[in-house]
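Participant: Take a look at work-v9.csv, CSV, C-alpha atoms:
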chain,number,residue,atom,x,y,z
A,1,MET,CA,0.0,0.0,0.0
A,2,ILE,CA,1.3,3.4,-0.9
A,3,SER,CA,1.6,5.8,2.0
A,4,PHE,CA,0.2,9.3,1.8
A,5,GLN,CA,1.6,12.3,3.5
A,6,ARG,CA,-0.3,15.5,4.2
A,7,PHE,CA,1.4,18.5,2.7
A,8,ASP,CA,-0.9,21.2,4.1
A,9,GLN,CA,-4.6,21.5,4.8
A,10,ASN,CA,-5.7,21.1,1.2
A,11,SER,CA,-3.0,19.0,-0.3
A,12,PHE,CA,-1.2,15.7,0.2
A,13,SER,CA,1.6,13.8,-1.5
A,14,PHE,CA,2.6,10.2,-2.2
A,15,THR,CA,5.5,8.4,-4.0
A,16,ILE,CA,5.2,5.6,-6.5
A,17,ASP,CA,7.9,3.2,-7.7
A,18,PRO,CA,7.6,3.0,-11.5
A,19,ASN,CA,8.8,-0.6,-11.3
A,20,ILE,CA,5.5,-1.4,-9.6
A,21,PHE,CA,3.1,0.8,-11.4
A,22,SER,CA,3.8,2.1,-14.9
A,23,GLU,CA,3.4,5.7,-16.0
A,24,LYS,CA,0.4,4.7,-18.0
A,25,VAL,CA,-1.3,3.1,-15.0
A,26,ILE,CA,-0.6,6.1,-12.8
A,27,THR,CA,-2.0,8.5,-15.4
A,28,LYS,CA,-5.2,6.5,-15.9
A,29,SER,CA,-5.7,6.2,-12.1
A,30,LEU,CA,-5.2,9.9,-11.5
A,31,TYR,CA,-7.3,11.2,-14.4
A,32,ASN,CA,-10.4,10.7,-12.3
A,33,TYR,CA,-9.1,13.2,-9.8
A,34,ALA,CA,-8.1,15.9,-12.3
A,35,ASN,CA,-11.4,17.7,-12.0
A,36,GLU,CA,-11.3,18.3,-8.3
A,37,TYR,CA,-7.6,18.3,-7.6
A,38,MET,CA,-4.5,20.1,-9.1
A,39,ILE,CA,-2.1,17.3,-9.8
A,40,THR,CA,1.6,17.9,-9.8
A,41,TRP,CA,3.9,15.1,-10.9
A,42,GLU,CA,7.7,15.0,-10.8
A,43,LYS,CA,10.4,12.4,-10.9
A,44,VAL,CA,12.8,12.4,-8.0
A,45,GLY,CA,15.5,10.0,-8.8
A,46,ASP,CA,13.8,6.7,-9.9
A,47,ILE,CA,10.6,7.5,-7.9
A,48,PHE,CA,7.5,9.5,-9.0
A,49,SER,CA,6.5,12.1,-6.5
A,50,ILE,CA,2.9,13.2,-6.9
A,51,VAL,CA,1.0,16.0,-5.1
A,52,LEU,CA,-2.7,16.4,-5.2
A,53,ARG,CA,-4.0,19.9,-4.2
A,54,LYS,CA,-7.7,20.3,-3.7
A,55,LYS,CA,-9.0,23.1,-5.8
A,56,ASP,CA,-11.5,24.3,-3.2
A,57,GLY,CA,-12.0,23.3,0.4
A,58,VAL,CA,-9.8,21.4,2.8
A,59,ILE,CA,-8.9,17.8,3.1
A,60,ASN,CA,-9.8,16.4,6.5
A,61,GLN,CA,-8.4,13.2,7.9
A,62,ASP,CA,-11.3,11.1,6.9
A,63,LEU,CA,-11.2,12.3,3.3
A,64,LEU,CA,-7.5,11.7,3.2
A,65,LYS,CA,-8.0,8.1,4.4
A,66,TYR,CA,-10.8,7.6,1.8
A,67,LEU,CA,-8.6,9.0,-1.0
A,68,SER,CA,-5.6,6.9,-0.1
A,69,GLU,CA,-7.7,3.8,-0.1
A,70,LYS,CA,-9.4,4.8,-3.4
A,71,ILE,CA,-6.1,5.7,-5.2
A,72,ASN,CA,-4.5,2.4,-4.1
A,73,GLN,CA,-7.5,0.5,-5.4
A,74,ASP,CA,-7.5,2.5,-8.7
A,75,LEU,CA,-3.8,1.7,-9.2
A,76,ILE,CA,-4.3,-2.0,-8.8
A,77,ASP,CA,-7.5,-1.9,-10.9
A,78,TYR,CA,-5.8,-0.2,-13.8
A,79,LYS,CA,-2.7,-2.4,-13.5
A,80,THR,CA,-4.9,-5.5,-13.7
A,81,ARG,CA,-6.7,-4.0,-16.8
A,82,GLU,CA,-3.3,-3.4,-18.4
A,83,ILE,CA,-2.2,-7.0,-17.7
A,84,ILE,CA,-5.4,-8.4,-19.2
A,85,PHE,CA,-5.2,-6.1,-22.2
A,86,ALA,CA,-1.6,-7.3,-22.9
A,87,GLU,CA,-2.5,-11.0,-22.4
A,88,THR,CA,-5.5,-10.8,-24.8
A,89,LYS,CA,-3.8,-8.6,-27.5
A,90,ASP,CA,-3.1,-11.6,-29.8
A,91,ILE,CA,-6.6,-13.1,-29.5
A,92,ARG,CA,-8.2,-9.7,-30.1
A,93,ASN,CA,-6.1,-9.2,-33.3
A,94,ILE,CA,-6.9,-12.7,-34.5
A,95,LEU,CA,-10.6,-12.1,-34.0
A,96,LEU,CA,-10.4,-8.8,-35.8
A,97,ILE,CA,-8.6,-10.3,-38.8
A,98,LYS,CA,-11.1,-13.2,-39.0
A,99,ALA,CA,-14.0,-10.8,-38.7
A,100,LEU,CA,-12.7,-8.7,-41.7
A,101,SER,CA,-11.3,-11.6,-43.8
A,102,ASN,CA,-14.7,-12.9,-45.0
A,103,ASN,CA,-13.5,-16.5,-44.5
A,104,GLU,CA,-10.7,-16.0,-47.1
A,105,ASP,CA,-7.1,-17.1,-46.7
A,106,PHE,CA,-4.6,-14.5,-45.5
A,107,GLU,CA,-0.9,-14.3,-45.4
A,108,ASN,CA,1.5,-12.4,-43.2
A,109,ILE,CA,3.8,-9.9,-44.9
A,110,ASP,CA,6.6,-8.2,-43.0
A,111,LEU,CA,7.1,-4.9,-44.6
A,112,LEU,CA,10.4,-4.1,-42.9
A,113,LYS,CA,11.8,-7.4,-44.1
A,114,ASP,CA,10.5,-6.6,-47.6
A,115,GLU,CA,12.2,-3.2,-47.5
A,116,ALA,CA,15.6,-4.7,-46.5
B,117,MET,CA,6.1,5.8,-32.0
B,118,ILE,CA,5.9,3.0,-34.5
B,119,LEU,CA,8.7,0.5,-34.0
B,120,THR,CA,7.8,-2.3,-36.3
B,121,THR,CA,5.0,-2.8,-38.8
B,122,ASN,CA,3.5,-6.2,-39.6
B,123,VAL,CA,1.0,-6.2,-42.4
B,124,LEU,CA,-1.5,-8.9,-42.8
B,125,PHE,CA,-2.5,-9.1,-46.4
B,126,LEU,CA,-5.9,-10.5,-47.0
B,127,ASN,CA,-5.6,-12.3,-50.3
B,128,ILE,CA,-9.3,-12.1,-51.2
B,129,LYS,CA,-9.0,-12.2,-55.0
B,130,LYS,CA,-6.3,-14.9,-55.3
B,131,PHE,CA,-8.6,-17.8,-55.3
B,132,SER,CA,-11.1,-16.3,-57.6
B,133,ASN,CA,-8.4,-15.4,-60.2
B,134,LEU,CA,-7.4,-19.1,-60.3
B,135,ILE,CA,-11.0,-20.1,-61.1
B,136,ILE,CA,-11.3,-17.5,-63.9
B,137,MET,CA,-8.0,-18.5,-65.4
B,138,ASN,CA,-9.0,-22.2,-65.5
B,139,ILE,CA,-12.3,-21.4,-67.2
B,140,LYS,CA,-10.6,-19.3,-69.9
B,141,PHE,CA,-8.0,-22.0,-70.6
B,142,SER,CA,-10.9,-24.4,-71.0
B,143,ASP,CA,-12.5,-22.0,-73.5
B,144,TYR,CA,-9.3,-22.0,-75.6
B,145,LEU,CA,-9.1,-25.8,-75.7
B,146,LYS,CA,-12.7,-26.0,-76.8
B,147,GLY,CA,-12.1,-23.4,-79.5
B,148,ILE,CA,-9.1,-25.4,-80.9
B,149,PHE,CA,-11.1,-28.6,-80.8
B,150,ALA,CA,-14.0,-27.0,-82.7
B,151,THR,CA,-11.7,-25.5,-85.4
B,152,SER,CA,-10.0,-28.9,-86.0
B,153,ILE,CA,-13.4,-30.6,-86.5
B,154,ALA,CA,-14.5,-27.9,-88.9
B,155,ALA,CA,-11.3,-28.4,-91.0
B,156,LEU,CA,-12.0,-32.2,-91.3
B,157,ILE,CA,-15.6,-31.8,-92.5
B,158,PRO,CA,-16.0,-31.0,-96.2
B,159,SER,CA,-17.2,-27.4,-96.7
B,160,LYS,CA,-20.7,-26.7,-98.0
B,161,SER,CA,-21.9,-23.6,-99.8
B,162,ASP,CA,-24.4,-22.7,-97.1
B,163,ALA,CA,-22.2,-22.7,-94.0
B,164,THR,CA,-24.0,-22.4,-90.7
B,165,THR,CA,-22.9,-19.9,-88.1
B,166,LEU,CA,-21.6,-21.5,-84.9
B,167,ASN,CA,-22.0,-19.5,-81.7
B,168,PHE,CA,-19.0,-20.3,-79.6
B,169,SER,CA,-20.3,-18.5,-76.6
B,170,ASP,CA,-23.1,-21.1,-76.4
B,171,LEU,CA,-20.7,-24.0,-77.1
B,172,ASN,CA,-17.9,-23.0,-74.7
B,173,GLN,CA,-19.7,-22.2,-71.6
B,174,ASP,CA,-22.4,-23.9,-69.7
B,175,LYS,CA,-24.9,-21.8,-67.8
B,176,LYS,CA,-23.2,-22.3,-64.4
B,177,THR,CA,-19.8,-21.2,-65.8
B,178,SER,CA,-21.2,-18.2,-67.4
B,179,GLU,CA,-22.9,-17.1,-64.2
B,180,LEU,CA,-19.7,-17.6,-62.3
B,181,LEU,CA,-17.6,-15.6,-64.8
B,182,SER,CA,-20.2,-12.8,-64.9
B,183,GLU,CA,-20.3,-12.7,-61.1
B,184,LYS,CA,-16.6,-12.5,-60.9
B,185,ASN,CA,-16.3,-9.8,-63.4
B,186,ASN,CA,-19.0,-7.6,-61.8
B,187,GLN,CA,-17.9,-8.0,-58.2
B,188,LEU,CA,-15.3,-5.8,-56.7
B,189,TYR,CA,-12.8,-7.5,-54.5
B,190,PRO,CA,-11.1,-4.9,-52.4
B,191,LYS,CA,-7.9,-6.2,-50.8
B,192,LEU,CA,-7.5,-5.1,-47.2
B,193,LEU,CA,-4.3,-4.2,-45.7
B,194,LEU,CA,-4.4,-4.4,-41.9
B,195,SER,CA,-1.4,-2.7,-40.2
B,196,PHE,CA,-0.8,-3.5,-36.5
B,197,TYR,CA,1.5,-1.2,-34.6
B,198,ASP,CA,3.3,-1.7,-31.3
B,199,ASP,CA,1.1,0.8,-29.4
B,200,ASP,CA,-1.9,-1.5,-29.9
B,201,SER,CA,-3.4,0.7,-32.6
B,202,TYR,CA,-4.1,-0.5,-36.1
B,203,SER,CA,-5.3,0.9,-39.5
B,204,ALA,CA,-7.1,-0.8,-42.3
B,205,ILE,CA,-6.4,0.4,-45.9
B,206,GLY,CA,-8.7,-0.6,-48.7
B,207,HIS,CA,-7.0,-1.6,-52.0
B,208,ARG,CA,-8.6,-2.4,-55.4
B,209,SER,CA,-6.4,-4.8,-57.3
B,210,HIS,CA,-5.6,-4.2,-61.0
B,211,ARG,CA,-3.6,-5.9,-63.6
B,212,SER,CA,-0.5,-3.7,-63.4
B,213,HIS,CA,0.1,-4.9,-59.9
B,214,SER,CA,-0.2,-8.5,-60.6
B,215,SER,CA,3.5,-9.0,-61.1
B,216,HIS,CA,4.6,-7.2,-58.0
B,217,SER,CA,6.3,-9.3,-55.4
B,218,SER,CA,6.5,-6.4,-53.0
B,219,HIS,CA,3.4,-4.7,-51.8
B,220,ARG,CA,5.2,-1.7,-50.3
B,221,SER,CA,4.3,0.4,-53.4
B,222,HIS,CA,0.7,-0.3,-52.9
B,223,TYR,CA,0.4,2.3,-50.2
B,224,SER,CA,0.8,5.0,-52.8
B,225,SER,CA,-2.0,4.0,-55.0
B,226,THR,CA,-4.6,2.6,-52.6
B,227,THR,CA,-8.1,3.8,-53.6
B,228,ASN,CA,-6.6,6.6,-55.7
B,229,THR,CA,-8.9,6.9,-58.6
B,230,ASN,CA,-6.9,9.7,-60.4
B,231,ASN,CA,-4.1,7.3,-61.3
B,232,ASN,CA,-1.7,9.6,-59.5
B,233,ASN,CA,0.4,6.7,-58.2
B,234,ASN,CA,2.9,8.8,-56.2
B,235,THR,CA,0.4,10.7,-54.1
B,236,ASN,CA,-0.3,9.6,-50.6
B,237,ASN,CA,-4.0,9.6,-50.0
B,238,SER,CA,-4.7,9.9,-46.3
B,239,ASN,CA,-8.4,9.5,-46.9
B,240,SER,CA,-7.8,5.9,-47.8
B,241,ASN,CA,-7.2,5.1,-44.1
B,242,ILE,CA,-10.4,3.8,-42.6
B,243,ALA,CA,-10.6,4.7,-39.0
B,244,LEU,CA,-11.8,1.7,-37.1
B,245,PRO,CA,-13.5,2.0,-33.8
B,246,SER,CA,-11.4,0.7,-30.9
B,247,LYS,CA,-14.1,-1.3,-29.2
B,248,ASN,CA,-17.8,-2.3,-28.9
B,249,LYS,CA,-18.4,-2.2,-32.7
B,250,SER,CA,-20.7,-4.9,-33.5
B,251,TYR,CA,-22.9,-5.8,-36.4
B,252,ASN,CA,-25.8,-7.1,-34.4
B,253,SER,CA,-27.9,-5.3,-31.9
B,254,THR,CA,-26.4,-6.8,-28.7
B,255,SER,CA,-24.2,-4.5,-26.6
B,256,THR,CA,-22.2,-4.9,-23.4
B,257,VAL,CA,-23.6,-3.3,-20.3
B,258,THR,CA,-21.0,-2.2,-17.8
B,259,THR,CA,-22.1,-1.9,-14.3
B,260,PHE,CA,-20.6,0.9,-12.3
B,261,LYS,CA,-20.6,1.4,-8.6
B,262,LEU,CA,-20.6,4.8,-7.1
B,263,GLY,CA,-17.0,6.1,-7.2
B,264,ASP,CA,-15.9,3.9,-10.2
B,265,ARG,CA,-16.2,6.9,-12.5
B,266,THR,CA,-16.8,10.6,-12.5
B,267,ILE,CA,-20.5,11.2,-13.1
B,268,THR,CA,-21.6,14.2,-15.2
B,269,GLU,CA,-25.0,15.3,-16.4
B,270,GLY,CA,-26.6,13.0,-18.9
B,271,MET,CA,-24.9,9.8,-17.7
B,272,LYS,CA,-27.0,6.9,-16.5
B,273,GLY,CA,-26.3,3.7,-14.6
B,274,GLU,CA,-26.5,1.9,-11.3
B,275,ASP,CA,-24.1,4.3,-9.7
B,276,VAL,CA,-26.6,7.1,-10.5
B,277,THR,CA,-29.3,5.1,-8.8
B,278,GLN,CA,-27.1,4.5,-5.8
B,279,MET,CA,-26.5,8.3,-5.6
B,280,VAL,CA,-30.2,9.0,-5.9
B,281,ASN,CA,-30.9,6.7,-3.0
B,282,ILE,CA,-28.2,8.4,-0.9
B,283,LEU,CA,-29.7,11.8,-1.7
B,284,ILE,CA,-33.1,10.5,-0.7
B,285,GLN,CA,-31.7,9.2,2.6
B,286,LYS,CA,-29.9,12.5,3.3
B,287,GLY,CA,-33.1,14.5,2.6
B,288,TYR,CA,-32.0,16.3,-0.6
B,289,LEU,CA,-34.5,14.4,-2.8
B,290,GLU,CA,-38.1,13.3,-2.0
B,291,LEU,CA,-40.2,10.7,-3.8
B,292,LYS,CA,-43.9,11.6,-4.5
B,293,ASP,CA,-45.2,8.3,-3.1
B,294,GLY,CA,-43.1,8.6,0.1
B,295,GLN,CA,-40.9,5.7,-0.7
B,296,LYS,CA,-37.4,5.7,0.7
B,297,SER,CA,-35.5,4.1,-2.2
B,298,VAL,CA,-35.6,3.5,-5.9
B,299,THR,CA,-34.5,0.7,-8.2
B,300,GLY,CA,-33.6,0.5,-11.9
B,301,ILE,CA,-31.4,2.7,-14.0
B,302,TYR,CA,-31.6,6.4,-13.6
B,303,GLU,CA,-30.2,9.2,-15.7
B,304,PHE,CA,-28.3,12.0,-13.9
B,305,SER,CA,-30.3,15.0,-15.0
B,306,GLY,CA,-33.0,17.5,-13.9
B,307,VAL,CA,-33.9,17.4,-10.2
B,308,ILE,CA,-31.2,14.9,-9.4
B,309,VAL,CA,-28.5,17.4,-10.6
B,310,ASP,CA,-30.2,20.2,-8.6
B,311,ALA,CA,-30.3,18.0,-5.5
B,312,LEU,CA,-26.6,17.2,-5.9
B,313,LYS,CA,-25.7,20.8,-6.3
B,314,GLU,CA,-27.6,21.6,-3.0
B,315,PHE,CA,-25.7,18.8,-1.3
B,316,GLN,CA,-22.3,20.1,-2.6
B,317,LYS,CA,-23.2,23.6,-1.4
B,318,ALA,CA,-24.1,22.2,2.0
B,319,LYS,CA,-20.7,20.4,2.2
B,320,GLY,CA,-18.8,23.6,1.3
B,321,MET,CA,-17.9,22.4,-2.1
B,322,GLU,CA,-18.2,24.0,-5.5
B,323,ALA,CA,-21.7,23.3,-6.7
B,324,ASP,CA,-20.6,22.1,-10.2
B,325,GLY,CA,-23.0,19.1,-10.4
B,326,ILE,CA,-20.1,16.8,-11.1
B,327,VAL,CA,-19.7,13.7,-9.0
B,328,GLY,CA,-16.0,13.3,-8.5
B,329,PRO,CA,-14.0,11.4,-5.8
B,330,THR,CA,-14.6,14.1,-3.1
B,331,THR,CA,-18.3,14.3,-3.7
B,332,VAL,CA,-18.5,10.5,-3.6
B,333,TYR,CA,-16.6,10.6,-0.3
B,334,TYR,CA,-19.2,13.1,1.2
B,335,LEU,CA,-22.0,11.1,-0.2
B,336,LYS,CA,-20.8,7.9,1.4
B,337,GLU,CA,-20.0,9.7,4.6
B,338,ASN,CA,-22.4,8.9,7.4
Transcribe the structure of this file into structure tokens.

Facilitator:
Amino acid sequence: MISFQRFDQNSFSFTIDPNIFSEKVITKSLYNYANEYMITWEKVGDIFSIVLRKKDGVINQDLLKYLSEKINQDLIDYKTREIIFAETKDIRNILLIKALSNNEDFENIDLLKDEA
Amino acid sequence: MILTTNVLFLNIKKFSNLIIMNIKFSDYLKGIFATSIAALIPSKSDATTLNFSDLNQDKKTSELLSEKNNQLYPKLLLSFYDDDSYSAIGHRSHRSHSSHSSHRSHYSSTTNTNNNNNTNNSNSNIALPSKNKSYNSTSTVTTFKLGDRTITEGMKGEDVTQMVNILIQKGYLELKDGQKSVTGIYEFSGVIVDALKEFQKAKGMEADGIVGPTTVYYLKEN
């Protein structure tokens, strides 16, 4: 679980190791918060440091607890989706080709090989 | 950034070309045979006219040939890229391309009807939808729970229903028949948006009528 630190009364920060969650996963997870929070993202060494500043109002302790649980859940959720997306890429491509091929034969042409 | 490009070439016309070639070859053989027979038979003054089109092709073959000539067989080039995107390019085959072993040059002439072979035509790329495109009427229904997505005006789903029930419980919405909960799928519009704005105001938030993470937190808060 990622630990969250309060910055001031309307902002908090947390760090993420990109080896655990990719940049894609973090971006997708945080997109949902962009409407209500100003998101600052910087890379400190090999670690991403992210600050969420509430656009209006304060972040009380309960809200911080809720947000930390929600963001952790979102990160795992989007990572799982990414894994499933990668695992099913080939079968999706095969289904697409079969759907468009009208039951005809097809052959694979490598253009880069052709060029060389 | 595109790193490699694999193209799957759908050879739609290949098989039909073979059929047409076989039928034409058969026509030539029949013609030679008929000419040989005519040379052996002594000629008469009132020669009859022989219609080779009736002789050479039976009805089924004629239909097949006619169908093949009238039909268009667009070849389809599907390009898959490393970033999981793809493009489909339509291509109408013609004789001048029949001897090509490389299909690289086909990019320049795909669906270009002006015979300007060296002009890239970006309009030939058919943008395919990324998901949920189906030819039948069935569609996938995704069930959202409150907090799974940001809800804006016009959206509908179970999360909206869940929000309506919370707003009823908290006294921001009232049902005419005095019931305390609703079921089914509700759209986030009208009085529901007004009630949510009232709720946001009461919690010291900006009354924008958008259900983001903070609004969800306050909605779920006891």

Participant: Which residue gives the smallest distance to Asn60 in chain A among B:Tyr334, B:Ile308, B:Glu314, B:Val280, with all atoms listed in the file counted?

Facilitator: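 Result for the nearest residue to Asn60 in chain A: B:Tyr334.
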
Participant: Just give me the gap between CA of Asn93 in chain A and CA of Tyr78 in chain A in Å, one decimal is fine.

Facilitator: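 Spanning CA of Asn93 in chain A to CA of Tyr78 in chain A is a straight-line distance of 21.5 Å.
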
Participant: Choose the residue, out of A:Leu95, A:Leu75, A:Ile39, A:Ala34, that has the smallest atom-to-atom separation from chain B; count only C-alpha atoms.

Facilitator: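 For chain B, the nearest of the candidates is A:Ala34.
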
Participant: With only C-alpha atoms as the basis for distance, which of A:Val25, A:Gly45, A:Leu52, A:Asn102 is at the shortest distance from Leu64 in chain A?

Facilitator: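 Of A:Val25, A:Gly45, A:Leu52, A:Asn102, the one nearest Leu64 in chain A, counting only C-alpha atoms, is A:Leu52.
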
Participant: Give me, please, the distance in Å between CA of Ala86 in chain A and CA of Gln73 in chain A, quoted to one decimal.

Facilitator: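 These two atoms are separated by 20.0 Å.
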
Participant: As number ranges by chain, please: the residues near Gln278 in chain B (cut-off 9 Å, only C-alpha atoms, same-chain neighbours under 5 positions excluded).

Facilitator: B: 261-262, 273, 283, 298-299

Participant: Interatomic distance between CA of Lys70 in chain A and CA of Ile26 in chain A?

Facilitator: 12.9 Å

Participant: Please, which residues are within 12 Å of (11.6, 6.3, -7.1) by the file's coordinates, counting all atoms listed in the file, and could they come as a PyMOL selection string?

Facilitator: chain A and resi 14-22+42-50
